[in-house]
$ cat final.txt   # compact mmCIF, C-alpha atoms
# COMPACT_ATOMS: atom_id res chain seq x y z
CA MET U 398 211.93 102.87 73.77
CA PRO U 399 208.26 103.86 74.19
CA VAL U 400 206.08 104.16 71.10
CA ASP U 401 205.66 107.77 70.07
CA GLU U 402 201.94 108.47 70.51
CA ASP U 403 202.14 111.61 68.40
CA ALA U 404 203.82 110.00 65.40
CA PRO U 405 201.68 110.47 62.28
CA LYS U 406 199.82 107.33 61.30
CA PRO U 407 199.27 106.28 57.67
CA ILE U 408 195.50 106.73 57.98
CA GLY U 409 195.07 107.64 54.31
CA ARG U 410 196.55 104.36 53.18
CA ARG U 411 194.42 102.46 55.69
CA VAL U 412 191.28 104.18 54.42
CA VAL U 413 192.08 103.15 50.83
CA LEU U 414 192.82 99.54 51.79
CA GLY U 415 189.82 99.44 54.12
CA SER U 416 187.60 100.67 51.30
CA LEU U 417 188.57 97.64 49.25
CA GLY U 418 187.32 95.43 52.08
CA ALA U 419 184.19 97.52 52.52
CA ALA U 420 183.45 97.31 48.78
CA ALA U 421 183.88 93.52 48.84
CA LEU U 422 181.46 93.25 51.78
CA GLY U 423 179.05 95.55 49.97
CA VAL U 424 179.19 93.43 46.84
CA VAL U 425 178.33 90.27 48.77
CA PHE U 426 175.68 91.68 51.13
CA GLY U 427 174.59 94.86 49.30
CA GLY U 428 171.63 93.19 47.62
CA ARG U 429 170.08 92.30 50.95
CA VAL U 430 170.83 95.70 52.47
CA GLN U 431 169.27 97.35 49.44
CA GLN U 432 166.04 95.34 49.84
CA ALA U 433 165.77 96.27 53.49
CA LEU U 434 166.47 99.96 52.75
CA GLN U 435 163.96 99.94 49.92
CA LYS U 436 161.23 98.64 52.23
CA ALA U 437 162.18 101.12 54.96
CA LEU U 438 162.18 104.07 52.56
CA LEU U 439 158.92 103.14 50.82
CA PRO U 440 156.66 105.27 53.07
CA VAL U 441 158.91 108.27 52.31
CA THR U 442 159.34 107.76 48.57
CA LEU U 443 155.62 107.10 48.04
CA HIS U 444 154.65 110.44 49.58
CA ASP U 445 157.49 112.60 48.30
CA PRO U 446 155.98 115.27 46.03
CA THR U 447 159.44 116.41 44.84
CA GLY U 448 160.44 112.96 43.61
CA LEU U 449 163.98 113.72 44.79
CA THR U 450 164.18 110.66 47.02
CA GLY U 451 163.72 108.64 43.83
CA LEU U 452 167.32 109.55 42.99
CA LEU U 453 168.63 107.75 46.07
CA PRO U 454 170.19 104.41 45.20
CA ALA U 455 167.90 102.46 47.53
CA ALA U 456 164.62 104.02 46.49
CA GLY U 457 163.64 101.12 44.27
CA ARG U 458 163.37 103.22 41.17
CA PHE U 459 163.67 102.21 37.56
CA ARG U 460 166.88 102.86 35.69
CA ILE U 461 166.46 104.12 32.17
CA TYR U 462 168.58 102.42 29.55
CA SER U 463 168.16 104.32 26.31
CA VAL U 464 170.52 103.09 23.65
CA THR U 465 169.98 105.54 20.82
CA GLN U 466 171.12 109.08 20.22
CA SER U 467 167.81 110.65 21.14
CA LEU U 468 164.35 109.30 21.56
CA PRO U 469 161.67 110.42 19.16
CA ARG U 470 158.47 111.28 21.01
CA ARG U 471 155.14 109.97 19.90
CA ALA U 472 151.90 111.71 20.85
CA THR U 473 149.00 109.43 21.71
CA ALA U 474 146.77 110.94 18.99
CA ALA U 475 149.34 110.18 16.31
CA TYR U 476 150.28 106.79 17.75
CA ARG U 477 149.79 103.74 15.50
CA LEU U 478 150.71 100.12 16.26
CA HIS U 479 151.31 98.05 13.14
CA VAL U 480 150.87 94.28 13.20
CA GLY U 481 152.15 92.51 10.10
CA GLY U 482 154.31 89.77 8.64
CA LEU U 483 152.83 86.26 8.57
CA VAL U 484 149.24 87.23 9.43
CA GLU U 485 145.91 86.92 7.65
CA ARG U 486 144.92 90.56 8.29
CA PRO U 487 147.65 93.15 8.89
CA LEU U 488 146.38 95.60 11.53
CA THR U 489 146.93 99.25 12.31
CA LEU U 490 145.77 99.94 15.86
CA ARG U 491 145.25 103.44 17.25
CA TYR U 492 145.93 104.42 20.86
CA ARG U 493 142.23 104.34 21.68
CA ASP U 494 141.87 100.86 20.14
CA LEU U 495 144.43 99.72 22.67
CA THR U 496 142.99 101.66 25.61
CA GLN U 497 139.25 101.35 24.93
CA ARG U 498 138.10 98.98 22.20
CA LEU U 499 140.15 95.89 23.04
CA PRO U 500 139.62 93.98 26.33
CA GLN U 501 141.80 95.35 29.14
CA THR U 502 143.96 93.33 31.51
CA SER U 503 145.63 94.53 34.71
CA LEU U 504 148.65 92.84 36.27
CA ARG U 505 150.67 93.58 39.40
CA ARG U 506 154.14 92.04 39.31
CA ASP U 507 157.75 92.70 40.34
CA PHE U 508 159.98 94.09 37.61
CA GLN U 509 163.41 92.44 37.50
CA CYS U 510 166.33 93.79 35.49
CA VAL U 511 169.02 91.43 34.33
CA THR U 512 171.64 93.75 35.85
CA GLY U 513 170.24 93.03 39.31
CA TRP U 514 167.78 95.74 40.32
CA ARG U 515 164.18 94.88 41.04
CA VAL U 516 161.15 97.08 41.51
CA ASP U 517 158.47 95.46 43.67
CA ASP U 518 154.76 95.44 42.82
CA VAL U 519 154.46 97.42 39.63
CA ALA U 520 150.89 97.81 38.31
CA TRP U 521 150.49 97.41 34.55
CA LYS U 522 147.43 97.70 32.33
CA GLY U 523 147.06 96.90 28.67
CA VAL U 524 145.89 94.46 26.06
CA VAL U 525 146.94 90.81 26.13
CA LEU U 526 149.22 90.32 23.11
CA ALA U 527 147.47 86.99 22.31
CA ASP U 528 144.18 88.85 21.74
CA VAL U 529 145.81 91.12 19.18
CA LEU U 530 147.49 88.13 17.51
CA ASP U 531 144.06 86.43 17.26
CA GLU U 532 142.53 89.54 15.72
CA ALA U 533 145.29 89.60 13.09
CA GLY U 534 145.07 85.84 12.51
CA VAL U 535 148.49 84.21 12.80
CA LEU U 536 149.38 82.09 9.73
CA PRO U 537 150.49 78.48 10.44
CA ALA U 538 153.99 79.22 9.12
CA ALA U 539 154.70 81.79 11.87
CA THR U 540 156.87 80.63 14.80
CA ARG U 541 158.04 83.89 16.39
CA VAL U 542 156.85 87.39 17.21
CA HIS U 543 159.36 90.18 16.52
CA PHE U 544 158.93 93.62 18.11
CA HIS U 545 160.27 96.88 16.69
CA SER U 546 160.69 100.13 18.63
CA PHE U 547 160.23 103.57 17.09
CA ASP U 548 163.62 104.53 18.53
CA GLY U 549 164.90 102.76 15.42
CA THR U 550 167.32 100.44 17.26
CA TYR U 551 165.64 98.46 20.01
CA THR U 552 164.15 95.14 18.86
CA GLU U 553 163.00 92.07 20.78
CA SER U 554 161.26 88.79 20.04
CA LEU U 555 159.36 85.94 21.67
CA SER U 556 158.48 82.44 20.50
CA LEU U 557 154.82 82.14 19.54
CA GLU U 558 154.23 79.96 22.59
CA GLN U 559 155.75 82.61 24.90
CA ALA U 560 153.86 85.37 23.10
CA ARG U 561 150.53 83.62 23.72
CA ARG U 562 150.87 83.72 27.53
CA ARG U 563 148.13 85.73 29.23
CA ASP U 564 150.76 87.70 31.19
CA VAL U 565 152.35 89.21 28.09
CA LEU U 566 150.79 92.64 27.58
CA ILE U 567 150.84 95.48 25.12
CA ALA U 568 150.93 97.99 27.98
CA HIS U 569 149.72 101.59 27.95
CA THR U 570 149.28 102.24 31.69
CA MET U 571 151.81 101.85 34.50
CA GLU U 572 151.08 102.56 38.17
CA GLY U 573 147.68 103.99 37.17
CA LYS U 574 149.08 106.57 34.76
CA PRO U 575 149.82 106.51 31.04
CA VAL U 576 153.27 104.98 30.46
CA THR U 577 155.68 107.93 30.33
CA HIS U 578 158.13 108.56 27.53
CA GLU U 579 161.07 107.51 29.77
CA HIS U 580 159.38 104.24 30.63
CA GLY U 581 158.71 103.42 26.96
CA GLY U 582 155.43 105.23 26.34
CA PRO U 583 152.99 105.76 24.93
CA VAL U 584 152.83 102.01 24.33
CA ARG U 585 155.34 99.33 25.33
CA MET U 586 155.52 95.57 25.81
CA TYR U 587 155.32 94.00 29.24
CA VAL U 588 156.54 90.40 29.40
CA ALA U 589 155.86 89.48 33.04
CA PRO U 590 157.94 86.29 33.46
CA MET U 591 161.10 87.63 31.79
CA TYR U 592 163.89 90.11 32.54
CA GLY U 593 163.22 93.75 31.70
CA TYR U 594 165.15 93.76 28.43
CA LYS U 595 162.51 91.42 26.94
CA SER U 596 159.81 94.06 27.55
CA LEU U 597 160.42 96.29 24.55
CA LYS U 598 159.85 100.01 25.01
CA TRP U 599 158.44 102.55 22.53
CA LEU U 600 156.54 99.82 20.67
CA ASP U 601 156.04 100.61 16.98
CA ARG U 602 155.55 97.38 15.07
CA ILE U 603 154.82 93.71 15.71
CA GLU U 604 155.96 91.31 13.02
CA LEU U 605 155.11 87.60 12.78
CA VAL U 606 158.10 85.69 11.39
CA ASP U 607 159.15 82.07 10.83
CA HIS U 608 162.70 82.23 12.24
CA VAL U 609 164.92 84.17 14.65
CA ILE U 610 165.74 87.37 12.80
CA ARG U 611 168.78 89.56 13.50
CA GLY U 612 169.85 87.63 16.58
CA GLY U 613 166.39 87.81 18.08
CA GLY U 614 166.79 91.30 19.49
CA TYR U 615 169.08 94.20 20.41
CA TRP U 616 170.22 92.88 23.81
CA GLU U 617 170.52 89.33 22.47
CA THR U 618 173.14 90.52 19.97
CA LEU U 619 175.04 91.89 23.00
CA GLY U 620 175.03 88.49 24.67
CA TYR U 621 171.79 88.25 26.64
CA GLU U 622 169.76 85.07 26.26
CA LEU U 623 166.88 84.76 23.81
CA ASP U 624 164.64 83.11 26.42
CA GLY U 625 165.05 85.63 29.23
CA TRP U 626 163.16 83.91 32.08
CA VAL U 627 163.73 85.62 35.42
CA GLY U 628 165.88 83.41 37.64
CA ARG U 629 166.41 80.76 34.95
CA SER U 630 168.61 82.49 32.37
CA ASN U 631 171.58 84.85 32.09
CA GLY U 632 173.13 83.22 35.19
CA GLY U 633 170.40 84.68 37.41
CA HIS U 634 168.82 83.03 40.47
CA GLU U 635 166.25 85.64 41.48
CA ALA U 636 162.73 84.69 42.54
CA PRO U 637 160.47 84.38 39.47
CA THR U 638 158.32 87.42 38.67
CA ALA U 639 155.42 85.37 37.28
CA MET A 732 219.90 131.56 57.62
CA THR A 733 218.49 131.81 54.13
CA THR A 734 214.88 131.68 53.07
CA ILE A 735 214.04 130.53 49.59
CA ALA A 736 210.63 130.48 48.03
CA LEU A 737 209.71 127.02 46.81
CA PRO A 738 206.71 126.57 44.56
CA ARG A 739 204.02 124.92 46.64
CA PHE A 740 203.36 122.44 43.85
CA ASP A 741 206.06 121.58 41.31
CA VAL A 742 205.37 121.04 37.62
CA VAL A 743 205.06 117.24 37.88
CA THR A 744 202.52 117.55 40.67
CA ARG A 745 200.53 120.15 38.73
CA VAL A 746 200.43 118.11 35.51
CA VAL A 747 199.37 115.00 37.44
CA HIS A 748 196.69 117.01 39.28
CA TRP A 749 195.11 118.50 36.16
CA ALA A 750 195.31 115.32 34.07
CA THR A 751 193.63 113.39 36.90
CA ALA A 752 191.07 116.17 37.33
CA ALA A 753 190.18 116.12 33.62
CA LEU A 754 189.82 112.33 33.52
CA GLY A 755 187.92 112.30 36.81
CA LEU A 756 185.52 115.01 35.67
CA VAL A 757 184.67 113.11 32.49
CA ALA A 758 184.20 109.89 34.48
CA VAL A 759 181.92 111.57 37.03
CA LEU A 760 179.90 113.44 34.38
CA THR A 761 179.34 110.36 32.19
CA GLY A 762 178.49 108.42 35.37
CA THR A 763 175.94 111.10 36.28
CA ILE A 764 174.27 110.83 32.87
CA LEU A 765 174.15 107.03 33.14
CA TYR A 766 172.73 107.28 36.67
CA VAL A 767 170.06 110.01 36.61
CA PRO A 768 167.03 108.62 34.70
CA GLU A 769 165.97 112.01 33.30
CA LEU A 770 169.45 112.59 31.85
CA SER A 771 169.74 109.00 30.54
CA ALA A 772 166.48 109.31 28.67
CA THR A 773 167.23 112.77 27.26
CA ILE A 774 170.79 112.12 26.18
CA GLY A 775 170.62 108.41 25.33
CA ARG A 776 173.72 107.05 23.52
CA ARG A 777 174.25 104.65 26.38
CA ALA A 778 176.87 102.46 24.67
CA VAL A 779 179.20 105.39 23.90
CA LEU A 780 178.75 106.95 27.34
CA LYS A 781 179.50 103.62 28.98
CA ASP A 782 182.71 103.21 26.96
CA VAL A 783 183.89 106.74 27.79
CA HIS A 784 183.02 106.17 31.47
CA VAL A 785 184.93 102.88 31.67
CA ILE A 786 187.98 104.11 29.73
CA THR A 787 188.42 107.40 31.63
CA SER A 788 187.96 105.57 34.94
CA LEU A 789 190.60 102.99 34.08
CA LEU A 790 193.02 105.71 32.91
CA LEU A 791 192.43 107.78 36.03
CA LEU A 792 195.41 106.47 37.98
CA VAL A 793 197.83 106.56 35.02
CA PRO A 794 199.01 110.19 35.50
CA LEU A 795 199.59 109.59 39.22
CA ALA A 796 201.39 106.29 38.60
CA VAL A 797 203.65 107.87 35.96
CA GLY A 798 204.34 110.86 38.24
CA VAL A 799 205.20 108.71 41.24
CA ALA A 800 207.40 106.43 39.13
CA SER A 801 209.29 109.23 37.40
CA GLY A 802 212.44 109.09 39.50
CA PRO A 803 213.87 112.32 40.90
CA ALA A 804 211.26 114.41 39.06
CA GLY A 805 208.50 112.77 41.10
CA ARG A 806 210.19 113.39 44.44
CA ARG A 807 207.94 116.30 45.48
CA LEU A 808 204.81 114.42 44.37
CA ARG A 809 205.79 111.34 46.37
CA ALA A 810 206.50 113.48 49.41
CA ASP A 811 203.09 115.20 49.10
CA LEU A 812 201.33 111.85 48.78
CA LEU A 813 203.10 110.45 51.82
CA GLU A 814 202.28 113.55 53.84
CA LEU A 815 198.63 113.40 52.76
CA SER A 816 198.41 109.80 53.92
CA ARG A 817 199.92 110.46 57.36
CA TRP A 818 197.53 111.88 59.93
CA SER A 819 199.03 113.38 63.06
CA THR A 820 197.14 113.93 66.31
CA ALA A 821 196.98 117.59 65.27
CA ASP A 822 195.18 116.59 62.05
CA ARG A 823 192.63 114.57 63.94
CA ARG A 824 192.14 117.45 66.35
CA TRP A 825 191.77 119.78 63.34
CA LEU A 826 188.95 117.63 61.98
CA ARG A 827 187.11 117.51 65.31
CA ARG A 828 187.48 121.12 66.39
CA ARG A 829 185.55 124.11 65.25
CA THR A 830 188.40 126.56 65.69
CA ARG A 831 191.29 125.68 63.47
CA GLY A 832 194.82 126.96 63.57
CA ALA A 833 197.47 126.60 60.93
CA PRO A 834 198.36 122.97 60.19
CA ASP A 835 201.74 121.73 61.40
CA GLY A 836 202.61 120.50 57.90
CA LYS A 837 201.80 121.39 54.33
CA PHE A 838 198.24 120.03 54.43
CA ASN A 839 195.50 120.36 57.03
CA GLY A 840 193.21 117.62 58.33
CA GLY A 841 190.44 118.48 55.88
CA GLN A 842 192.73 118.16 52.89
CA LYS A 843 193.94 114.79 54.16
CA PHE A 844 190.37 113.72 54.80
CA VAL A 845 189.16 114.53 51.26
CA THR A 846 192.23 112.81 49.78
CA ALA A 847 191.44 109.63 51.72
CA MET A 848 187.82 109.94 50.58
CA PHE A 849 188.85 110.24 46.93
CA GLY A 850 191.22 107.27 47.21
CA GLY A 851 188.83 105.02 49.11
CA LEU A 852 185.80 105.75 46.94
CA PHE A 853 187.89 105.36 43.78
CA VAL A 854 189.00 101.82 44.65
CA MET A 855 185.41 100.97 45.53
CA GLN A 856 184.25 102.19 42.13
CA VAL A 857 186.94 100.23 40.28
CA LEU A 858 186.19 96.99 42.13
CA THR A 859 182.40 97.23 41.75
CA GLY A 860 182.71 98.66 38.24
CA LEU A 861 184.66 95.60 37.09
CA ILE A 862 181.86 93.34 38.35
CA MET A 863 179.28 95.47 36.52
CA PHE A 864 181.46 95.40 33.39
CA ARG A 865 181.75 91.59 33.34
CA PRO A 866 178.46 90.60 35.03
CA ASN A 867 178.40 87.07 33.64
CA SER A 868 181.60 86.14 35.46
CA PHE A 869 180.01 86.72 38.87
CA PRO A 870 176.98 85.43 40.83
CA ASP A 871 173.84 87.48 40.20
CA ALA A 872 173.59 88.58 43.84
CA TRP A 873 176.98 90.24 43.35
CA ARG A 874 175.66 92.31 40.44
CA THR A 875 172.98 93.74 42.71
CA GLY A 876 175.52 94.29 45.48
CA ALA A 877 178.05 95.88 43.14
CA THR A 878 175.43 98.24 41.70
CA PHE A 879 174.35 99.13 45.23
CA VAL A 880 177.91 100.01 46.32
CA HIS A 881 178.70 101.79 43.03
CA ASP A 882 175.61 104.01 43.41
CA TRP A 883 176.26 105.04 47.02
CA ALA A 884 179.98 105.55 46.40
CA TYR A 885 179.00 107.74 43.44
CA LEU A 886 177.03 110.02 45.76
CA GLY A 887 180.08 110.22 48.04
CA LEU A 888 182.41 110.96 45.13
CA ALA A 889 180.10 113.63 43.74
CA ALA A 890 180.02 115.25 47.19
CA ALA A 891 183.83 115.06 47.44
CA VAL A 892 184.29 116.62 43.98
CA ILE A 893 181.86 119.46 44.73
CA GLY A 894 183.41 120.03 48.16
CA HIS A 895 186.92 120.06 46.70
CA VAL A 896 186.01 122.55 43.94
CA VAL A 897 184.08 124.85 46.31
CA LYS A 898 186.99 124.87 48.78
CA ALA A 899 189.48 125.51 45.96
CA PHE A 900 187.56 128.60 44.80
CA GLY A 901 187.63 129.81 48.40
CA GLU A 902 191.44 129.68 48.44
CA PRO A 903 192.69 131.84 45.53
CA ASP A 904 196.32 131.46 46.67
CA LEU A 905 196.18 127.68 46.54
CA MET A 906 194.30 127.80 43.26
CA ARG A 907 197.07 129.96 41.76
CA ALA A 908 199.67 127.59 43.20
CA MET A 909 198.01 124.65 41.48
CA MET A 910 197.73 126.62 38.21
CA THR A 911 201.20 128.18 38.00
CA GLY A 912 203.19 126.88 40.93
CA ASN A 913 203.47 130.38 42.38
CA GLY A 914 201.65 131.71 45.38
CA GLY A 915 201.12 129.99 48.69
CA GLU A 916 204.88 129.65 49.04
CA ARG A 917 206.37 128.39 52.21
CA LYS A 918 209.73 129.17 53.64
CA SER A 919 212.28 126.50 54.16
$ encode --input "final.txt" --output "structure tokens"
Amino acid sequence: MPVDEDAPKPIGRRVVLGSLGAAALGVVFGGRVQQALQKALLPVTLHDPTGLTGLLPAAGRFRIYSVTQSLPRRATAAYRLHVGGLVERPLTLRYRDLTQRLPQTSLRRDFQCVTGWRVDDVAWKGVVLADVLDEAGVLPAATRVHFHSFDGTYTESLSLEQARRRDVLIAHTMEGKPVTHEHGGPVRMYVAPMYGYKSLKWLDRIELVDHVIRGGGYWETLGYELDGWVGRSNGGHEAPTA
Amino acid sequence: MTTIALPRFDVVTRVVHWATAALGLVAVLTGTILYVPELSATIGRRAVLKDVHVITSLLLLVPLAVGVASGPAGRRLRADLLELSRWSTADRRWLRRRTRGAPDGKFNGGQKFVTAMFGGLFVMQVLTGLIMFRPNSFPDAWRTGATFVHDWAYLGLAAAVIGHVVKAFGEPDLMRAMMTGNGGERKS
């Protein structure tokens, strides 16, 4: 008996099963496809005045992970950065101390998130943390630097040795513009060699301490590693960012 | 010959539809907040949103599974599902052609198409979502890949949801049938 050409075929079921296969392929090769797409789309996204292309998954944008109920805003005029704990001279730095008085450093590095996304060539400008630590005078007992955010929840920390690297910035400018509220402005940390979660946003207070306090930081208490080197921690194998 | 009016969708089908719709809407809305940077930053509360997103997504198939498994009561639902999965040559012609006659069954090619889209994109989101939920159990390249697929499939799902709702408002008879069971009857 000949096969009935007009018999309905279970296409719907095949689509669902096929999607499983497509998703598996996408998981394995999606990273590479994304990189290629990102490069191809760059000329478009760079010159898009609407910013709408930034919403496309391949546009190489930042993802905003805000963990609190709502973010308090801080105007630059009212902004104060407190440096305290185990220091000779506790400091209160104003926005213009950070943007004008202290020596400025510019860095251009990739930004790698521990969840897998990477933004190529991000320009940062700010004050090297080590310079601020020197101005405050770190006491010999101090071993770690603990960062507090004015969102009230986000904390992070670095060992003193890590904190003294010249590519660890108190950043106020990103891509040539003041760091926006969404990106952690007016002032945030930028820890070039580590995953994004180590670069604390909405920086409020820097505290010198002699031990790991409260797990070392917000994301550390959720299981991320204390020493968040890109490509060498958290099971990651990405190319280093610094 | 007798003609009797059957409700287009029986009560089991309607309950399954609206329970799935409610869960799906919450999953898509929380996903949207987690995805769009401006919304993420304004609304915050990422941990709670993530939990709601994961839980509603995992519960999404429960109403359908219960409906399909509920013996004789699920008979109409099972028949609808089977019919939605089966594409005839007429359905394929319906999708290709600009002029469209009445479908030869209960559903037309477009309805079958959007059903397949919902099903396919949903399994993609579950598979990639699980990798994003337990990132440490998988190679880091997979996290990037899973996020990539999850993001694009989200755009597809959002389009399917909007398309489905717009079409539904354009068909008051079908809308009433899905609300009350009446309207859009067919003779048998």
$ atom_distance --input "final.txt" --atom1 "atom CA of Gly482 of chain U" --atom2 "atom CA of Arg563 of chain U"
21.9 Å
$ residues_around --input "final.txt" --residues "segment 812-823 of chain A" --least-positions-apart "5" --cutoff "7 Å" --atoms "only C-alpha atoms" --output "VMD selection string"
(chain U and resid 403 to 410) or (chain A and resid 838 to 840 843)
$ closest_residue --input "final.txt" --among "U:Phe547, U:Tyr587, U:Tyr621, U:Tyr476" --to "chain A" --atoms "all atoms listed in the file"
U:Tyr621
$ atom_distance --input "final.txt" --atom1 "atom CA of Ala750 of chain A" --atom2 "atom CA of Gly775 of chain A"
27.1 Å
$ interface_residues --input "final.txt" --of "chain A" --to "chain U" --cutoff "7 Å" --atoms "only C-alpha atoms" --output "PDB file with C-alpha atoms, in the coordinates of the input"
ATOM      1  CA  VAL A 767     170.060 110.010  36.610  1.00  0.00           C
ATOM      2  CA  PRO A 768     167.030 108.620  34.700  1.00  0.00           C
ATOM      3  CA  SER A 771     169.740 109.000  30.540  1.00  0.00           C
ATOM      4  CA  ALA A 772     166.480 109.310  28.670  1.00  0.00           C
ATOM      5  CA  THR A 773     167.230 112.770  27.260  1.00  0.00           C
ATOM      6  CA  ILE A 774     170.790 112.120  26.180  1.00  0.00           C
ATOM      7  CA  GLY A 775     170.620 108.410  25.330  1.00  0.00           C
ATOM      8  CA  ARG A 776     173.720 107.050  23.520  1.00  0.00           C
ATOM      9  CA  ARG A 777     174.250 104.650  26.380  1.00  0.00           C
ATOM     10  CA  ALA A 778     176.870 102.460  24.670  1.00  0.00           C
ATOM     11  CA  LEU A 815     198.630 113.400  52.760  1.00  0.00           C
ATOM     12  CA  SER A 816     198.410 109.800  53.920  1.00  0.00           C
ATOM     13  CA  ARG A 817     199.920 110.460  57.360  1.00  0.00           C
ATOM     14  CA  TRP A 818     197.530 111.880  59.930  1.00  0.00           C
ATOM     15  CA  SER A 819     199.030 113.380  63.060  1.00  0.00           C
ATOM     16  CA  THR A 820     197.140 113.930  66.310  1.00  0.00           C
ATOM     17  CA  ALA A 847     191.440 109.630  51.720  1.00  0.00           C
ATOM     18  CA  GLY A 850     191.220 107.270  47.210  1.00  0.00           C
ATOM     19  CA  GLY A 851     188.830 105.020  49.110  1.00  0.00           C
ATOM     20  CA  LEU A 852     185.800 105.750  46.940  1.00  0.00           C
ATOM     21  CA  VAL A 854     189.000 101.820  44.650  1.00  0.00           C
ATOM     22  CA  MET A 855     185.410 100.970  45.530  1.00  0.00           C
ATOM     23  CA  ASN A 867     178.400  87.070  33.640  1.00  0.00           C
ATOM     24  CA  ASP A 871     173.840  87.480  40.200  1.00  0.00           C
ATOM     25  CA  ALA A 872     173.590  88.580  43.840  1.00  0.00           C
ATOM     26  CA  TRP A 873     176.980  90.240  43.350  1.00  0.00           C
ATOM     27  CA  ARG A 874     175.660  92.310  40.440  1.00  0.00           C
ATOM     28  CA  THR A 875     172.980  93.740  42.710  1.00  0.00           C
ATOM     29  CA  GLY A 876     175.520  94.290  45.480  1.00  0.00           C
ATOM     30  CA  ALA A 877     178.050  95.880  43.140  1.00  0.00           C
ATOM     31  CA  PHE A 879     174.350  99.130  45.230  1.00  0.00           C
ATOM     32  CA  VAL A 880     177.910 100.010  46.320  1.00  0.00           C
ATOM     33  CA  ASP A 882     175.610 104.010  43.410  1.00  0.00           C
ATOM     34  CA  TRP A 883     176.260 105.040  47.020  1.00  0.00           C
TER      35      TRP A 883
END
$ atom_distance --input "final.txt" --atom1 "atom CA of Phe544 of chain U" --atom2 "atom CA of Pro637 of chain U"
23.3 Å
$ closest_residue --input "final.txt" --among "U:Leu504, U:His479, U:Val588, U:Glu553" --to "Gly613 of chain U" --atoms "all atoms listed in the file"
U:Glu553
$ residues_around --input "final.txt" --residues "Trp749 of chain A" --least-positions-apart "4" --cutoff "10 Å" --atoms "only C-alpha atoms" --output "ChimeraX atom specification"
/A:744-745,753-755,794,909-910
$ write_last_selection --input "final.txt" --atoms "C-alpha atoms" --output "short mmCIF file (atom, residue, chain, number, x, y, z; two decimals), in the coordinates of the input"
data_model
loop_
_atom_site.label_atom_id
_atom_site.label_comp_id
_atom_site.auth_asym_id
_atom_site.auth_seq_id
_atom_site.Cartn_x
_atom_site.Cartn_y
_atom_site.Cartn_z
CA THR A 744 202.52 117.55 40.67
CA ARG A 745 200.53 120.15 38.73
CA ALA A 753 190.18 116.12 33.62
CA LEU A 754 189.82 112.33 33.52
CA GLY A 755 187.92 112.30 36.81
CA PRO A 794 199.01 110.19 35.50
CA MET A 909 198.01 124.65 41.48
CA MET A 910 197.73 126.62 38.21
#
$ closest_residue --input "final.txt" --among "U:Pro590, U:Gly612, U:Gly523, U:Gly549" --to "Thr570 of chain U" --atoms "all atoms listed in the file"
U:Gly523
